[in-house]
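Asker: Mind having a look at this structure? Questions to follow.
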Amino acid sequence: MTQKEYLKKIIQGDSLTILKTLPNEIVNVGITSPPYNKGENKKGWLVKNVKYSGATDKLPENEYQKNQIMVLDEIFRITKPGGSFFYNHKIRWERGEMFHPIDWLRKTKWLIRQEIIWDRMIAANIRGWRFWQLEERIYWLYKPKEKNLIGEELKPKHALLTSIWRFPPERKNSHPAPFPLALPVRAIYSIMDDKKGVIIDPYAGSGTTLVAAKILGQDYIGIEISKEYIEFAEDRLRNYESELKFAKEETSKHIVLKTFKERKKMGEFTGRYGPQNKKSKVIISGQKEMSLFDYVKNDKS
Ligand SMILES: C[S@@+](CC[C@H](N)C(=O)[O-])C[C@H]1O[C@@H](n2cnc3c(N)ncnc32)[C@H](O)[C@@H]1O
């Protein structure tokens with residue numbers, strides 16, 4: 001396939017088949033949420049049944065995992081060395097047996113750089129067979145560049161966002177299983193920062209990743225099997241400006257309040273823990289900055 005045929009396009013078809021037609025090393029970052037093979041009957045008390053318009057989500061588990069490994073390895077091939085892929089999935093159970101995404105991710109060519117918890121803050125099923133599952137997982141996968149198996153450091157303004165991403169599920173979107181715009185915005189902005197490149201989503205759905213890429217000035221490639229969802233995604237891409245404010249809400253969270261040097265100058269927390277340093281300040285996630293001394297004094301855990 002030529003650049004003209006795939007860049008800034010959503011290609012209709014089966015993800016694995018289309019990926020095989022794309023050239024090597026053309027992508028910087030990918031983000032996706034594939035169909036989860038949930039059998040289409042796993043609705044909860046609080047969420048609707050997920051049924052896609054152009055595909056079934058019901059394969060024998062070993063076939064499903066084999067297919068995901070092939071898809072992930074094709075994405076590895078078309079990703080540039082040093083590139084990243086964010087793979088959103090969840091832990092599932094079938095008649096008591098647990099299926100963990102790590103089961104098949106370890107069989108792909110990717111290095112697993114980090115497991116991120118997506119705290120959705122709402123449970124899909126409130127029956128008590130297990131503690132309510134509020135989280136999904138996002139695997140940051142990395143394609144090594146030459147002998148560098150670790151990759152480049154994130155800028156502090158991105159790394160400070162921590163490995164727990166707290167976004168409520170998307171509610172304003174008619175697609176049966178979209179993720180919120182903030183999720184691909186966070187992934188793309190953290191990796192690309194002010195660089196420009198190509199972003200892919202091989203299960204593009206309503207185009208959330210592609211809208212995030214467009215807003216952040218990146219080129220994109222989408223693959224999606226359903227014509228209906230492609231039309232919806234194309235409409236979103238045309239009207240991307242109406243979603244700018246949601247992307248901005250996310251990018252404004254990428255900040256460093258004070259650098260190490262500034263803290264040191266002000267006699268604030270620089271890494272010397274201990275209640276003896278009364279001036280040391282800590283920020284507890286979601287709370288106001290407080291002195292380390294007060295935090296330790298009040299901590300009842
Ligand atoms: C979880 S949804 C992705 C939703 C997307 N992240 C969004 O925000 O809208 C998975 C998508 O994969 C599509 N799909 C299912 N099987 C596919 C296949 N074999 N090839 C390409 N797309 C497929 C479904 O139609 C669905 O839109």
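If you're wondering about the labels, chains in the structure tokens are A, B, ... by order shown, residues count from 1 in each chain, ligands from 1 in order shown.
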Restrict the calculation to only C-alpha atoms and all ligand atoms, then for each residue of chain A with any atom at most 6 Å from an atom of ligand 1 give the closest atom pair and their distance in Å to one decimal, rows by chain and rising residue number, as CSV.

Answerer:
residue,atom,partner,partner_atom_place_in_ligand_line,distance
A:Gly13,CA,ligand 1,21 (C),5.8
A:Asp14,CA,ligand 1,20 (N),3.5
A:Ser15,CA,ligand 1,20 (N),3.8
A:Thr32,CA,ligand 1,6 (N),5.8
A:Ser33,CA,ligand 1,1 (C),4.8
A:Pro34,CA,ligand 1,10 (C),4.7
A:Pro35,CA,ligand 1,10 (C),4.6
A:Tyr52,CA,ligand 1,25 (O),5.1
A:Gly54,CA,ligand 1,25 (O),5.4
A:Ala55,CA,ligand 1,16 (N),5.1
A:Ala177,CA,ligand 1,1 (C),4.9
A:Pro178,CA,ligand 1,8 (O),3.3
A:Phe179,CA,ligand 1,8 (O),4.2
A:Tyr203,CA,ligand 1,12 (O),4.1
A:Ala204,CA,ligand 1,5 (C),5.1
A:Gly205,CA,ligand 1,27 (O),3.3
A:Ser206,CA,ligand 1,9 (O),3.6
A:Gly207,CA,ligand 1,9 (O),5.3
A:Thr208,CA,ligand 1,8 (O),4.4
A:Ile223,CA,ligand 1,21 (C),5.9
A:Glu224,CA,ligand 1,22 (N),4.0
A:Ile225,CA,ligand 1,22 (N),4.1
A:Ser226,CA,ligand 1,25 (O),5.1

Asker: If you run DSSP over the backbone, which residues in range 183-273 of chain A end up alpha helix (DSSP H)? Put them as a VMD selection string.

Answerer: chain A and resid 183 to 192 208 to 215 227 to 238 244 to 251 260 to 265

Asker: With distances taken over only C-alpha atoms, which residue among A:Ile164, A:Ile215, A:Met121, A:Ala159 lies nearest Lys196 in chain A?

Answerer: A:Ile215

Asker: Would you pick out the contacts of Gly82 in chain A at 8 Å or less, using only C-alpha atoms, so that residues sharing its chain but fewer than 3 positions from it are not included, and give the list as a PyMOL selection string?

Answerer: chain A and resi 28+142-145+151

Asker: Give me every strand (DSSP E) residue in range 52-248 of chain A, going by DSSP on the backbone, as number ranges by chain.

Answerer: A: 79-89, 92-94, 97-99, 111-119, 135-142, 164-166, 198-201, 219-224

Asker: Using Å and a single decimal, report how far CA of Ile78 in chain A sits from CA of Lys147 in chain A.

Answerer: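 We find that CA of Lys147 in chain A and CA of Ile78 in chain A lie 18.8 Å from each other.
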
Asker: Please identify all polymer residues within 10 Å of range 241-243 of chain A, counting only C-alpha atoms, omitting same-chain residues fewer than 2 positions from it, and present them as number ranges by chain.

Answerer: A: 181, 211-212, 214-215, 236-239, 245-248

Asker: Which neighbours of Arg186 in chain A fall inside 9 Å, counting only C-alpha atoms, when residues of the same chain fewer than 5 positions from it are skipped, and could you give them as a VMD selection string?

Answerer: chain A and resid 158 181 191 247 250 to 251 254

Asker: Mind writing the picked residues with N, CA and C atoms as an mmCIF file, in the first residue's frame?

Answerer:
data_model
loop_
_atom_site.group_PDB
_atom_site.id
_atom_site.type_symbol
_atom_site.label_atom_id
_atom_site.label_comp_id
_atom_site.auth_asym_id
_atom_site.auth_seq_id
_atom_site.Cartn_x
_atom_site.Cartn_y
_atom_site.Cartn_z
ATOM 1 N N HIS A 158 5.255 14.439 31.983
ATOM 2 C CA HIS A 158 4.445 13.280 31.590
ATOM 3 C C HIS A 158 4.582 12.162 32.636
ATOM 4 N N LEU A 181 -11.446 10.249 25.147
ATOM 5 C CA LEU A 181 -10.426 10.949 24.339
ATOM 6 C C LEU A 181 -9.145 11.175 25.142
ATOM 7 N N ILE A 191 4.495 10.481 24.698
ATOM 8 C CA ILE A 191 5.584 9.901 23.903
ATOM 9 C C ILE A 191 6.103 10.908 22.868
ATOM 10 N N ALA A 247 -9.475 17.545 24.908
ATOM 11 C CA ALA A 247 -8.049 17.226 24.773
ATOM 12 C C ALA A 247 -7.225 18.184 25.631
ATOM 13 N N GLU A 250 -6.928 17.336 29.213
ATOM 14 C CA GLU A 250 -5.895 16.332 29.490
ATOM 15 C C GLU A 250 -4.499 16.948 29.413
ATOM 16 N N THR A 251 -4.190 17.675 28.348
ATOM 17 C CA THR A 251 -2.807 18.173 28.205
ATOM 18 C C THR A 251 -2.453 19.144 29.337
ATOM 19 N N HIS A 254 -0.450 17.816 32.229
ATOM 20 C CA HIS A 254 0.971 17.474 32.057
ATOM 21 C C HIS A 254 1.809 18.684 32.473
#

Asker: Pick from A:Leu154, A:Leu161, A:Leu19, A:Ala123: nearest to Tyr6 in chain A, with only C-alpha atoms counted?

Answerer: A:Leu19

Asker: Please determine, counting only C-alpha atoms, which residue among A:Met266, A:Val27, A:Leu149, A:Ala124 has the shortest atom-to-atom distance to Pro169 in chain A.

Answerer: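 Closest residue, counting only C-alpha atoms: A:Ala124.
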
Asker: I'd like a table as CSV: residues in range 77-137 of chain A with an atom no more than 8 Å from range 57-73 of chain A, each row giving the shortest atom pair and its distance in Å to one decimal, only C-alpha atoms counted, sorted by chain and rising residue number.

Answerer:
residue,atom,partner,partner_atom,distance
A:Arg77,CA,A:Asp73,CA,6.3
A:Trp104,CA,A:Gln65,CA,6.1
A:Leu105,CA,A:Ile69,CA,7.1
A:Lys107,CA,A:Ile69,CA,6.9
A:Thr108,CA,A:Ile69,CA,5.6
A:Lys109,CA,A:Asp73,CA,6.0
A:Trp110,CA,A:Asp73,CA,7.6

Asker: List the neighbours of Ile199 in chain A out to 8 Å using only C-alpha atoms; skip same-chain residues closer than 4 positions along the sequence, and give me the result as a PyMOL selection string.

Answerer: chain A and resi 27-31+188+210+213+218-221

Asker: Those selected residues, please, written with N, CA and C atoms and delivered as a PDB file, in the first residue's frame.

Answerer:
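again.pdb written:
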ATOM      1  N   VAL A  27       5.355   3.675  11.560  1.00  0.00           N
ATOM      2  CA  VAL A  27       4.524   4.196  12.659  1.00  0.00           C
ATOM      3  C   VAL A  27       5.390   4.573  13.868  1.00  0.00           C
ATOM      4  N   ASN A  28       5.050   5.688  14.534  1.00  0.00           N
ATOM      5  CA  ASN A  28       5.758   6.080  15.764  1.00  0.00           C
ATOM      6  C   ASN A  28       5.083   5.523  17.011  1.00  0.00           C
ATOM      7  N   VAL A  29       3.750   5.690  17.066  1.00  0.00           N
ATOM      8  CA  VAL A  29       3.011   5.276  18.267  1.00  0.00           C
ATOM      9  C   VAL A  29       1.668   4.675  17.833  1.00  0.00           C
ATOM     10  N   GLY A  30       1.252   3.627  18.522  1.00  0.00           N
ATOM     11  CA  GLY A  30      -0.089   3.065  18.299  1.00  0.00           C
ATOM     12  C   GLY A  30      -0.835   2.985  19.609  1.00  0.00           C
ATOM     13  N   ILE A  31      -2.141   3.047  19.501  1.00  0.00           N
ATOM     14  CA  ILE A  31      -3.001   2.865  20.679  1.00  0.00           C
ATOM     15  C   ILE A  31      -4.207   2.085  20.189  1.00  0.00           C
ATOM     16  N   ILE A 188      -0.274   9.687  23.424  1.00  0.00           N
ATOM     17  CA  ILE A 188       0.422  10.320  22.288  1.00  0.00           C
ATOM     18  C   ILE A 188       1.272  11.493  22.781  1.00  0.00           C
ATOM     19  N   LEU A 210      -7.752   8.518  16.545  1.00  0.00           N
ATOM     20  CA  LEU A 210      -7.455   9.324  15.354  1.00  0.00           C
ATOM     21  C   LEU A 210      -7.783  10.793  15.606  1.00  0.00           C
ATOM     22  N   ALA A 213      -4.992  12.107  17.671  1.00  0.00           N
ATOM     23  CA  ALA A 213      -3.809  12.331  16.828  1.00  0.00           C
ATOM     24  C   ALA A 213      -3.969  13.632  16.037  1.00  0.00           C
ATOM     25  N   GLN A 218      -0.665  15.194  14.645  1.00  0.00           N
ATOM     26  CA  GLN A 218       0.002  13.994  14.140  1.00  0.00           C
ATOM     27  C   GLN A 218      -0.745  13.451  12.920  1.00  0.00           C
ATOM     28  N   ASP A 219      -0.031  12.686  12.092  1.00  0.00           N
ATOM     29  CA  ASP A 219      -0.696  11.921  11.034  1.00  0.00           C
ATOM     30  C   ASP A 219      -1.240  10.638  11.644  1.00  0.00           C
ATOM     31  N   TYR A 220      -2.195  10.011  10.985  1.00  0.00           N
ATOM     32  CA  TYR A 220      -2.785   8.811  11.574  1.00  0.00           C
ATOM     33  C   TYR A 220      -3.140   7.780  10.507  1.00  0.00           C
ATOM     34  N   ILE A 221      -3.284   6.542  10.995  1.00  0.00           N
ATOM     35  CA  ILE A 221      -3.808   5.438  10.170  1.00  0.00           C
ATOM     36  C   ILE A 221      -4.833   4.714  11.030  1.00  0.00           C
TER      37      ILE A 221
END
